[in-house]
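Enquirer: Hey, dropping protein_38.txt in here, compact mmCIF, C-alpha atoms:
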```txt
# COMPACT_ATOMS: atom_id res chain seq x y z
CA MET Z 1 -37.30 -20.62 -18.87
CA ASN Z 2 -40.71 -20.00 -20.46
CA LYS Z 3 -42.16 -19.12 -17.08
CA GLU Z 4 -39.35 -16.63 -16.53
CA LEU Z 5 -40.00 -15.01 -19.93
CA GLN Z 6 -43.73 -14.81 -19.21
CA SER Z 7 -42.99 -13.26 -15.83
CA ASN Z 8 -40.70 -10.66 -17.42
CA ARG Z 9 -43.37 -9.83 -20.01
CA ARG Z 10 -45.95 -9.36 -17.30
CA VAL Z 11 -43.64 -7.07 -15.36
CA LYS Z 12 -42.92 -5.01 -18.50
CA PHE Z 13 -46.63 -4.86 -19.32
CA VAL Z 14 -47.52 -3.66 -15.82
CA MET Z 15 -44.70 -1.10 -15.85
CA GLY Z 16 -45.75 0.14 -19.28
CA LEU Z 17 -49.36 0.42 -18.13
CA VAL Z 18 -48.39 2.34 -15.00
CA LEU Z 19 -46.15 4.70 -16.99
CA THR Z 20 -48.90 5.27 -19.57
CA ILE Z 21 -51.43 6.13 -16.87
CA GLY Z 22 -48.89 8.42 -15.19
CA ALA Z 23 -48.17 10.15 -18.50
CA LEU Z 24 -51.89 10.71 -19.16
CA VAL Z 25 -52.38 12.11 -15.65
CA TRP Z 26 -49.38 14.42 -16.18
CA MET Z 27 -50.68 15.57 -19.59
CA LEU Z 28 -54.26 16.14 -18.47
CA PRO Z 29 -53.74 19.75 -17.19
CA PHE Z 30 -52.00 20.70 -20.45
CA ILE Z 31 -54.74 19.12 -22.56
CA TRP Z 32 -57.39 20.89 -20.48
CA MET Z 33 -55.54 24.20 -20.86
CA LEU Z 34 -55.23 23.87 -24.65
CA LEU Z 35 -58.87 22.87 -25.11
CA SER Z 36 -60.07 25.59 -22.74
CA SER Z 37 -58.14 28.21 -24.71
CA LEU Z 38 -60.42 27.38 -27.67
CA LYS Z 39 -63.63 27.79 -25.63
CA THR Z 40 -65.62 30.83 -24.64
CA ASP Z 41 -65.65 31.92 -21.04
CA MET Z 42 -69.26 30.74 -20.72
CA GLU Z 43 -68.30 27.24 -21.82
CA ILE Z 44 -65.55 27.05 -19.21
CA MET Z 45 -68.01 28.03 -16.47
CA GLN Z 46 -70.51 25.36 -17.48
CA PHE Z 47 -71.37 22.63 -14.97
CA PRO Z 48 -70.83 19.79 -15.47
CA PRO Z 49 -67.73 20.84 -17.40
CA ARG Z 50 -67.19 19.66 -20.97
CA ILE Z 51 -63.78 18.55 -22.18
CA PHE Z 52 -64.11 19.52 -25.83
CA PRO Z 53 -65.35 22.94 -26.98
CA GLU Z 54 -68.70 23.13 -28.76
CA LYS Z 55 -67.12 25.23 -31.49
CA ALA Z 56 -63.34 25.65 -31.39
CA SER Z 57 -62.28 29.24 -31.96
CA LEU Z 58 -59.06 31.25 -31.93
CA ASP Z 59 -60.89 34.39 -30.75
CA ASN Z 60 -59.12 34.30 -27.38
CA PHE Z 61 -55.68 34.38 -29.04
CA ILE Z 62 -56.78 37.16 -31.38
CA GLU Z 63 -58.06 39.16 -28.41
CA LEU Z 64 -54.68 38.75 -26.68
CA PHE Z 65 -52.98 40.64 -29.50
CA ASN Z 66 -55.78 43.13 -30.18
CA THR Z 67 -56.89 44.09 -26.67
CA PHE Z 68 -53.59 43.45 -24.90
CA ASP Z 69 -50.20 44.53 -26.25
CA PHE Z 70 -48.99 40.95 -26.62
CA THR Z 71 -47.21 41.80 -29.88
CA THR Z 72 -44.81 44.05 -27.95
CA TYR Z 73 -44.46 41.49 -25.17
CA LEU Z 74 -43.65 38.78 -27.74
CA LYS Z 75 -41.06 40.99 -29.45
CA ASN Z 76 -39.34 41.75 -26.15
CA THR Z 77 -39.36 38.08 -25.17
CA LEU Z 78 -37.82 37.06 -28.50
CA ILE Z 79 -35.11 39.68 -27.99
CA VAL Z 80 -34.36 38.23 -24.55
CA VAL Z 81 -34.29 34.70 -25.99
CA ALA Z 82 -31.99 35.74 -28.86
CA PHE Z 83 -29.48 37.37 -26.50
CA SER Z 84 -29.74 34.34 -24.19
CA PHE Z 85 -28.59 32.14 -27.08
CA LEU Z 86 -25.79 34.59 -27.81
CA GLY Z 87 -24.81 34.25 -24.17
CA MET Z 88 -24.86 30.46 -24.56
CA ILE Z 89 -22.18 30.78 -27.26
CA PHE Z 90 -20.13 32.92 -24.86
CA ASN Z 91 -20.56 30.20 -22.24
CA ALA Z 92 -19.33 27.63 -24.75
CA MET Z 93 -16.28 29.76 -25.56
CA ALA Z 94 -15.48 30.13 -21.86
CA GLY Z 95 -15.97 26.39 -21.31
CA PHE Z 96 -13.66 25.65 -24.24
CA GLY Z 97 -11.03 27.96 -22.79
CA PHE Z 98 -11.17 26.31 -19.37
CA ALA Z 99 -11.15 22.82 -20.90
CA LYS Z 100 -8.43 23.07 -23.55
CA TYR Z 101 -6.16 26.01 -22.75
CA LYS Z 102 -3.51 26.05 -20.05
CA PHE Z 103 -2.91 29.44 -18.48
CA LYS Z 104 -1.82 30.73 -15.12
CA GLY Z 105 -4.60 30.73 -12.55
CA ARG Z 106 -6.93 28.58 -14.64
CA GLU Z 107 -8.06 26.29 -11.81
CA PRO Z 108 -8.59 29.03 -9.16
CA LEU Z 109 -10.51 31.10 -11.70
CA PHE Z 110 -12.70 28.14 -12.62
CA TYR Z 111 -13.41 27.42 -8.95
CA LEU Z 112 -14.28 31.08 -8.49
CA VAL Z 113 -16.79 30.78 -11.33
CA LEU Z 114 -18.24 27.67 -9.68
CA ALA Z 115 -18.47 29.48 -6.35
CA THR Z 116 -20.88 32.00 -7.88
CA MET Z 117 -23.36 29.15 -8.36
CA MET Z 118 -23.73 28.96 -4.59
CA ILE Z 119 -24.99 32.55 -4.38
CA PRO Z 120 -28.80 32.83 -4.79
CA GLY Z 121 -29.87 35.10 -7.61
CA GLN Z 122 -32.05 37.11 -5.24
CA VAL Z 123 -28.93 38.15 -3.30
CA THR Z 124 -27.25 39.67 -6.35
CA MET Z 125 -30.32 41.43 -7.74
CA ILE Z 126 -29.90 44.62 -5.70
CA PRO Z 127 -26.15 45.07 -6.50
CA VAL Z 128 -26.77 44.32 -10.18
CA TYR Z 129 -29.69 46.74 -10.24
CA LEU Z 130 -27.52 49.47 -8.69
CA ILE Z 131 -24.81 48.81 -11.30
CA MET Z 132 -27.37 49.00 -14.14
CA ASN Z 133 -28.81 52.18 -12.62
CA SER Z 134 -25.37 53.80 -12.41
CA MET Z 135 -24.92 53.01 -16.12
CA ASN Z 136 -28.35 54.50 -16.96
CA LEU Z 137 -29.55 51.11 -18.22
CA THR Z 138 -32.69 50.79 -16.09
CA ASN Z 139 -35.92 50.67 -18.11
CA THR Z 140 -33.99 49.64 -21.23
CA MET Z 141 -33.62 46.36 -23.15
CA PRO Z 142 -29.80 46.25 -22.62
CA GLY Z 143 -30.42 46.48 -18.88
CA ILE Z 144 -32.77 43.50 -19.11
CA VAL Z 145 -30.59 41.21 -21.26
CA LEU Z 146 -27.01 42.01 -20.19
CA PRO Z 147 -27.02 40.63 -16.59
CA GLY Z 148 -28.18 37.20 -17.78
CA LEU Z 149 -25.91 36.99 -20.81
CA VAL Z 150 -23.51 34.44 -19.26
CA GLY Z 151 -23.83 32.03 -16.36
CA ALA Z 152 -21.60 29.83 -14.25
CA TYR Z 153 -23.72 26.72 -14.80
CA GLY Z 154 -23.44 26.97 -18.59
CA ILE Z 155 -19.67 27.45 -18.40
CA PHE Z 156 -19.37 24.45 -16.08
CA LEU Z 157 -21.52 22.27 -18.36
CA PHE Z 158 -19.53 23.10 -21.49
CA ARG Z 159 -16.21 22.74 -19.71
CA GLN Z 160 -17.06 19.27 -18.43
CA PHE Z 161 -18.20 18.06 -21.85
CA MET Z 162 -15.35 19.61 -23.83
CA SER Z 163 -12.73 18.21 -21.45
CA ALA Z 164 -13.51 14.77 -22.88
CA ILE Z 165 -12.77 15.83 -26.49
CA SER Z 166 -9.48 14.41 -27.76
CA ASN Z 167 -6.54 16.84 -27.60
CA GLU Z 168 -4.92 14.97 -30.50
CA LEU Z 169 -7.82 15.98 -32.74
CA LEU Z 170 -7.26 19.65 -31.95
CA GLU Z 171 -3.49 19.37 -32.40
CA ALA Z 172 -3.99 17.73 -35.80
CA ALA Z 173 -6.23 20.61 -36.84
CA ARG Z 174 -3.61 23.13 -35.69
CA LEU Z 175 -0.90 21.33 -37.65
CA ASP Z 176 -3.10 21.61 -40.74
CA GLY Z 177 -3.18 25.38 -40.24
CA ALA Z 178 -6.62 25.73 -38.68
CA SER Z 179 -7.18 28.86 -36.60
CA GLU Z 180 -8.55 28.70 -33.08
CA TRP Z 181 -11.83 30.19 -34.24
CA PHE Z 182 -12.07 27.52 -36.98
CA ILE Z 183 -11.40 24.79 -34.41
CA PHE Z 184 -14.07 26.14 -32.10
CA THR Z 185 -16.77 26.66 -34.74
CA ARG Z 186 -16.08 23.73 -37.09
CA ILE Z 187 -14.83 21.04 -34.69
CA ILE Z 188 -15.79 21.77 -31.09
CA LEU Z 189 -19.37 23.00 -31.63
CA PRO Z 190 -20.42 20.14 -33.96
CA ILE Z 191 -19.04 17.59 -31.50
CA SER Z 192 -20.84 19.39 -28.67
CA LYS Z 193 -24.32 19.06 -30.20
CA PRO Z 194 -25.70 17.04 -27.24
CA VAL Z 195 -24.64 19.56 -24.60
CA LEU Z 196 -25.70 22.43 -26.89
CA ALA Z 197 -29.16 20.87 -27.10
CA VAL Z 198 -29.42 20.46 -23.33
CA GLN Z 199 -28.21 23.97 -22.68
CA GLY Z 200 -30.29 25.29 -25.57
CA ILE Z 201 -33.50 24.00 -24.03
CA ALA Z 202 -32.58 25.46 -20.62
CA THR Z 203 -31.60 28.76 -22.27
CA PHE Z 204 -34.83 28.99 -24.24
CA ILE Z 205 -36.98 28.16 -21.22
CA GLY Z 206 -35.12 30.70 -19.08
CA GLY Z 207 -35.42 33.45 -21.70
CA TRP Z 208 -39.01 32.65 -22.65
CA ASN Z 209 -40.17 32.56 -19.02
CA SER Z 210 -38.14 35.58 -17.88
CA PHE Z 211 -40.30 37.40 -15.37
CA LEU Z 212 -38.71 38.76 -12.21
CA TRP Z 213 -35.76 40.66 -13.69
CA PRO Z 214 -37.77 42.36 -16.49
CA LEU Z 215 -40.39 43.27 -13.89
CA ILE Z 216 -37.70 44.89 -11.71
CA MET Z 217 -35.82 46.64 -14.50
CA ALA Z 218 -38.72 47.86 -16.64
CA SER Z 219 -41.08 50.57 -15.44
CA ASP Z 220 -42.51 51.06 -18.93
CA GLU Z 221 -44.93 48.49 -20.41
CA LYS Z 222 -43.16 48.61 -23.77
CA TYR Z 223 -40.27 46.63 -22.22
CA TYR Z 224 -42.41 43.94 -20.57
CA THR Z 225 -41.99 40.29 -21.54
CA LEU Z 226 -44.73 37.70 -22.06
CA SER Z 227 -44.53 36.42 -18.48
CA VAL Z 228 -45.02 39.92 -17.10
CA GLY Z 229 -47.84 40.53 -19.59
CA LEU Z 230 -49.51 37.28 -18.56
CA GLN Z 231 -49.37 38.36 -14.92
CA LEU Z 232 -50.99 41.67 -15.88
CA LEU Z 233 -53.62 39.71 -17.78
CA LYS Z 234 -54.44 37.65 -14.69
CA GLY Z 235 -54.74 40.83 -12.65
CA GLN Z 236 -56.95 42.81 -15.05
CA TYR Z 237 -59.00 39.90 -16.39
CA ALA Z 238 -59.14 37.74 -13.29
CA ASN Z 239 -62.63 36.43 -14.17
CA ASN Z 240 -61.96 35.76 -17.86
CA TYR Z 241 -60.61 32.23 -17.61
CA ALA Z 242 -60.71 31.59 -21.37
CA LEU Z 243 -58.38 34.53 -22.01
CA GLN Z 244 -56.05 33.38 -19.25
CA MET Z 245 -55.98 29.85 -20.69
CA ALA Z 246 -55.09 31.27 -24.10
CA GLY Z 247 -52.24 33.30 -22.61
CA SER Z 248 -50.94 30.30 -20.66
CA ALA Z 249 -51.14 28.07 -23.75
CA PHE Z 250 -49.24 30.68 -25.75
CA MET Z 251 -46.50 30.53 -23.12
CA VAL Z 252 -46.29 26.73 -22.80
CA VAL Z 253 -46.69 25.40 -26.37
CA PRO Z 254 -43.40 26.83 -27.80
CA ILE Z 255 -41.44 25.21 -24.96
CA ILE Z 256 -42.98 21.81 -25.74
CA ILE Z 257 -42.22 22.25 -29.46
CA ILE Z 258 -38.59 23.18 -28.79
CA PHE Z 259 -38.18 20.14 -26.52
CA MET Z 260 -39.67 17.82 -29.17
CA PHE Z 261 -37.20 19.06 -31.78
CA LEU Z 262 -34.13 18.81 -29.53
CA GLN Z 263 -34.90 15.71 -27.46
CA LYS Z 264 -33.04 13.38 -29.86
CA TYR Z 265 -29.82 15.29 -29.22
CA ILE Z 266 -30.36 14.93 -25.47
CA LEU Z 267 -30.74 11.16 -25.89
CA ASP Z 268 -27.60 11.14 -28.04
CA GLY Z 269 -25.84 12.93 -25.21
CA TYR Z 270 -26.79 10.20 -22.76
CA ASN Z 271 -25.59 7.58 -25.24
CA VAL Z 272 -22.25 9.34 -25.63
CA SER Z 273 -21.84 9.48 -21.85
CA GLY Z 274 -22.69 5.81 -21.55
CA ASN Z 275 -20.17 4.75 -24.19
CA LYS Z 276 -17.20 6.50 -22.55
```
How does this structure look as structure tokens?
Expert:
Amino acid sequence: MNKELQSNRRVKFVMGLVLTIGALVWMLPFIWMLLSSLKTDMEIMQFPPRIFPEKASLDNFIELFNTFDFTTYLKNTLIVVAFSFLGMIFNAMAGFGFAKYKFKGREPLFYLVLATMMIPGQVTMIPVYLIMNSMNLTNTMPGIVLPGLVGAYGIFLFRQFMSAISNELLEAARLDGASEWFIFTRIILPISKPVLAVQGIATFIGGWNSFLWPLIMASDEKYYTLSVGLQLLKGQYANNYALQMAGSAFMVVPIIIIFMFLQKYILDGYNVSGNK
């Protein structure tokens, strides 16, 4: 028995060591990017390269906002992210409707929504662009945010999660005089925290990294997002690696922070699924 315990401990130790090494290897590019963003361009070009900067400085980040119009890019990106989260609420409402309301044609309509997931986004870009152009919404913020406001995957995710919520709970709330809006906002959404966290991370990443559609829709720089601005930065300052590292770090760090804050809800979601 003791030999078996020792063997299990050795296996766990080896697995933990392998996972730790793998995690360090995975984190190394991000660490290098963050440290390089605090260096000067001359330090980055030094050979042999140095991991830590001689004198850490935020000059690269300051230059992003002074030389480049990153303030405008950030504002536009935050607008896209805000409307993406509004769209997530619409997805949740649609998922709730498909999960808990019985109406004629519910199943065919839901399968039709699912069928749109099989169509690549690149196929629909031209028709959507033509629709936006006919509505005079090209080169405008509404034209950038409206096409991505709702999505089939989000509706499917919310519908699958909300289908498992007890119908008796909702009926009891209705008997107590609760409105449908009260049920959705005070009962359904709090119960759906795990799926909201999962979808929230995906929504934030999608909005924060939005590149192709803003690039297609916007012909004026004042409507560009951070991803488009970063691409312009790489084109105009191709040899300034410190500035590029600062721009890349500015794009990546918020995503990591959001994930760190919401990861506990994701783990709770897995626990809920496992306990069913």
Enquirer: Can you pull out the residues contacting Ala99 in chain Z? Cut-off 9 Å, using all atoms listed in the file, and skip same-chain residues under 4 positions away; I want them as a list in words.
Expert: Ala94, Gly95, Phe158, Arg159, Gln160, Phe161, Met162, Ser163 and Ala164 of chain Z
Enquirer: Given the choices Z:Leu243, Z:Ile216, Z:Ile31, Z:Leu130, which gets closest to Ile62 in chain Z if the distance is worked out from only C-alpha atoms?
Expert: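 Comparing Z:Leu243, Z:Ile216, Z:Ile31, Z:Leu130 against Ile62 in chain Z, the winner is Z:Leu243.
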Enquirer: Please measure the separation of CA of Lys193 in chain Z and CA of Ile257 in chain Z, giving the value in Å to one decimal.
Expert: 18.2 Å
Enquirer: By how many Å are CA of Lys102 in chain Z and CA of Gln199 in chain Z apart?
Expert: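 CA of Gln199 in chain Z lies 24.9 Å from CA of Lys102 in chain Z.
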Enquirer: Do you know which residues are at most 8 Å from range 48-60 of chain Z counting all atoms listed in the file, after dropping those on the same chain fewer than 6 positions away, and could you put them as an MDAnalysis selection string?
Expert: chainID Z and resid 32 35:40 242:243 246
Enquirer: Could you please determine the separation between CA of Val113 in chain Z and CA of Ala152 in chain Z in Å, to one decimal place?
Expert: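 Atom-to-atom, CA of Val113 in chain Z and CA of Ala152 in chain Z are spaced 5.7 Å apart.
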Enquirer: Counting only C-alpha atoms, which residue out of Z:Leu196, Z:Thr124, Z:Ile21, Z:Leu169 sits closest to Trp213 in chain Z?
Expert: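 Residue with the minimum atom-to-atom distance to Trp213 in chain Z: Z:Thr124.
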Enquirer: Pick the closest to Glu171 in chain Z from Z:Lys100, Z:Leu78, Z:Thr185, Z:Val11: which is it, counting all atoms listed in the file?
Expert: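 Looking at the shortest contact to Glu171 in chain Z, the residue is Z:Lys100.
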Enquirer: Go through Z:Phe96, Z:Leu28, Z:Gly87, Z:Val81 and flag the residue nearest Leu170 in chain Z, using all atoms listed in the file for the distances.
Expert: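 Counting all atoms listed in the file, the residue closest to Leu170 in chain Z is Z:Phe96.
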Enquirer: Go through Z:Gly143, Z:Gly148, Z:Gly105, Z:Pro190 and flag the residue nearest Gly121 in chain Z, using only C-alpha atoms for the distances.
Expert: Z:Gly148
Enquirer: Using all atoms listed in the file, which of the listed residues (Z:Gly200, Z:Tyr111, Z:Leu226, Z:Trp181) sits closest to Leu212 in chain Z?
Expert: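 The answer is Z:Leu226, which sits nearest to Leu212 in chain Z.
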Enquirer: Show me, as a list of chain:residue names, the residues that have an atom within 6 Å of range 248-253 of chain Z when counting all atoms listed in the file, minus same-chain residues fewer than 3 positions from it.
Expert: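 Counting all atoms listed in the file, the residues come to Z:Leu34, Z:Met245, Z:Ile256.
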Enquirer: Could the centre and edge lengths of an axis-aligned box, enclosing all atoms of range 115-119 of chain Z in the file with 6 Å extra on each side, be given in Å to one decimal as lines of an AutoDock Vina configuration file?
Expert:
```
center_x = -21.7
center_y = 30.8
center_z = -6.4
size_x = 18.5
size_y = 15.6
size_z = 16.0
```
Enquirer: Which residues are close to Ser227 in chain Z, i.e. within 6 Å by only C-alpha atoms, leaving aside same-chain residues fewer than 2 positions away? Reply as a list in words.
Expert: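 Final neighbour list, sorted by chain and number: Asn209, Phe211, Thr225, Gly229 and Leu230 of chain Z.
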Enquirer: Would you mind writing range 156-167 of chain Z with all heavy atoms, as a CSV table (one decimal), in the frame of the given file?
Expert:
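This is the output file out-v6.csv:
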```csv
chain,number,residue,atom,x,y,z
Z,156,PHE,N,-19.7,25.7,-16.7
Z,156,PHE,CA,-19.4,24.4,-16.1
Z,156,PHE,C,-19.8,23.3,-17.0
Z,156,PHE,O,-19.0,22.3,-17.2
Z,156,PHE,CB,-20.0,24.3,-14.7
Z,156,PHE,CG,-20.0,23.0,-14.1
Z,156,PHE,CD1,-18.8,22.5,-13.6
Z,156,PHE,CD2,-21.1,22.2,-14.1
Z,156,PHE,CE1,-18.8,21.2,-13.0
Z,156,PHE,CE2,-21.1,20.9,-13.6
Z,156,PHE,CZ,-19.9,20.4,-13.0
Z,157,LEU,N,-21.0,23.3,-17.5
Z,157,LEU,CA,-21.5,22.3,-18.4
Z,157,LEU,C,-20.7,22.1,-19.6
Z,157,LEU,O,-20.3,21.0,-20.0
Z,157,LEU,CB,-23.0,22.6,-18.7
Z,157,LEU,CG,-23.9,21.4,-19.1
Z,157,LEU,CD1,-24.1,20.5,-17.9
Z,157,LEU,CD2,-25.2,21.9,-19.6
Z,158,PHE,N,-20.3,23.2,-20.3
Z,158,PHE,CA,-19.5,23.1,-21.5
Z,158,PHE,C,-18.1,22.6,-21.2
Z,158,PHE,O,-17.5,21.9,-21.9
Z,158,PHE,CB,-19.5,24.4,-22.2
Z,158,PHE,CG,-20.7,24.7,-23.0
Z,158,PHE,CD1,-21.6,25.7,-22.6
Z,158,PHE,CD2,-21.0,24.0,-24.1
Z,158,PHE,CE1,-22.8,26.0,-23.3
Z,158,PHE,CE2,-22.2,24.3,-24.9
Z,158,PHE,CZ,-23.1,25.3,-24.4
Z,159,ARG,N,-17.6,23.1,-20.1
Z,159,ARG,CA,-16.2,22.7,-19.7
Z,159,ARG,C,-16.1,21.2,-19.5
Z,159,ARG,O,-15.2,20.6,-19.9
Z,159,ARG,CB,-15.8,23.5,-18.5
Z,159,ARG,CG,-14.3,23.4,-18.1
Z,159,ARG,CD,-14.1,22.4,-17.0
Z,159,ARG,NE,-12.8,22.4,-16.5
Z,159,ARG,CZ,-12.4,21.6,-15.5
Z,159,ARG,NH1,-13.2,20.7,-15.0
Z,159,ARG,NH2,-11.1,21.6,-15.1
Z,160,GLN,N,-17.1,20.7,-18.7
Z,160,GLN,CA,-17.1,19.3,-18.4
Z,160,GLN,C,-17.2,18.4,-19.7
Z,160,GLN,O,-16.5,17.4,-19.8
Z,160,GLN,CB,-18.2,18.9,-17.5
Z,160,GLN,CG,-18.0,19.5,-16.1
Z,160,GLN,CD,-16.7,19.1,-15.4
Z,160,GLN,OE1,-15.8,19.9,-15.3
Z,160,GLN,NE2,-16.7,17.9,-14.9
Z,161,PHE,N,-18.0,18.8,-20.6
Z,161,PHE,CA,-18.2,18.1,-21.8
Z,161,PHE,C,-17.0,18.2,-22.8
Z,161,PHE,O,-16.5,17.2,-23.3
Z,161,PHE,CB,-19.4,18.5,-22.6
Z,161,PHE,CG,-19.8,17.7,-23.8
Z,161,PHE,CD1,-20.6,16.6,-23.7
Z,161,PHE,CD2,-19.3,18.0,-25.0
Z,161,PHE,CE1,-21.0,15.8,-24.8
Z,161,PHE,CE2,-19.6,17.2,-26.1
Z,161,PHE,CZ,-20.4,16.2,-26.0
Z,162,MET,N,-16.5,19.4,-22.9
Z,162,MET,CA,-15.4,19.6,-23.8
Z,162,MET,C,-14.0,19.0,-23.3
Z,162,MET,O,-13.1,18.8,-24.1
Z,162,MET,CB,-15.2,21.1,-24.1
Z,162,MET,CG,-16.4,21.7,-24.9
Z,162,MET,SD,-16.3,23.5,-25.1
Z,162,MET,CE,-17.8,23.8,-26.0
Z,163,SER,N,-13.9,18.8,-22.0
Z,163,SER,CA,-12.7,18.2,-21.4
Z,163,SER,C,-12.5,16.8,-22.0
Z,163,SER,O,-11.4,16.3,-22.0
Z,163,SER,CB,-12.8,18.2,-19.9
Z,163,SER,OG,-12.8,19.5,-19.4
Z,164,ALA,N,-13.6,16.1,-22.4
Z,164,ALA,CA,-13.5,14.8,-22.9
Z,164,ALA,C,-13.1,14.7,-24.4
Z,164,ALA,O,-12.9,13.6,-24.9
Z,164,ALA,CB,-14.8,14.0,-22.6
Z,165,ILE,N,-13.1,15.8,-25.1
Z,165,ILE,CA,-12.8,15.8,-26.5
Z,165,ILE,C,-11.3,15.6,-26.6
Z,165,ILE,O,-10.5,16.2,-25.9
Z,165,ILE,CB,-13.2,17.2,-27.2
Z,165,ILE,CG1,-14.7,17.3,-27.1
Z,165,ILE,CG2,-12.7,17.2,-28.6
Z,165,ILE,CD1,-15.2,18.6,-27.6
Z,166,SER,N,-10.9,14.8,-27.6
Z,166,SER,CA,-9.5,14.4,-27.8
Z,166,SER,C,-8.6,15.6,-28.1
Z,166,SER,O,-8.9,16.4,-29.0
Z,166,SER,CB,-9.4,13.4,-28.9
Z,166,SER,OG,-8.0,13.1,-29.2
Z,167,ASN,N,-7.5,15.8,-27.3
Z,167,ASN,CA,-6.5,16.8,-27.6
Z,167,ASN,C,-5.8,16.6,-28.9
Z,167,ASN,O,-5.4,17.5,-29.6
Z,167,ASN,CB,-5.5,16.9,-26.5
Z,167,ASN,CG,-6.2,17.5,-25.2
Z,167,ASN,OD1,-7.1,18.3,-25.2
Z,167,ASN,ND2,-5.7,17.0,-24.0
```
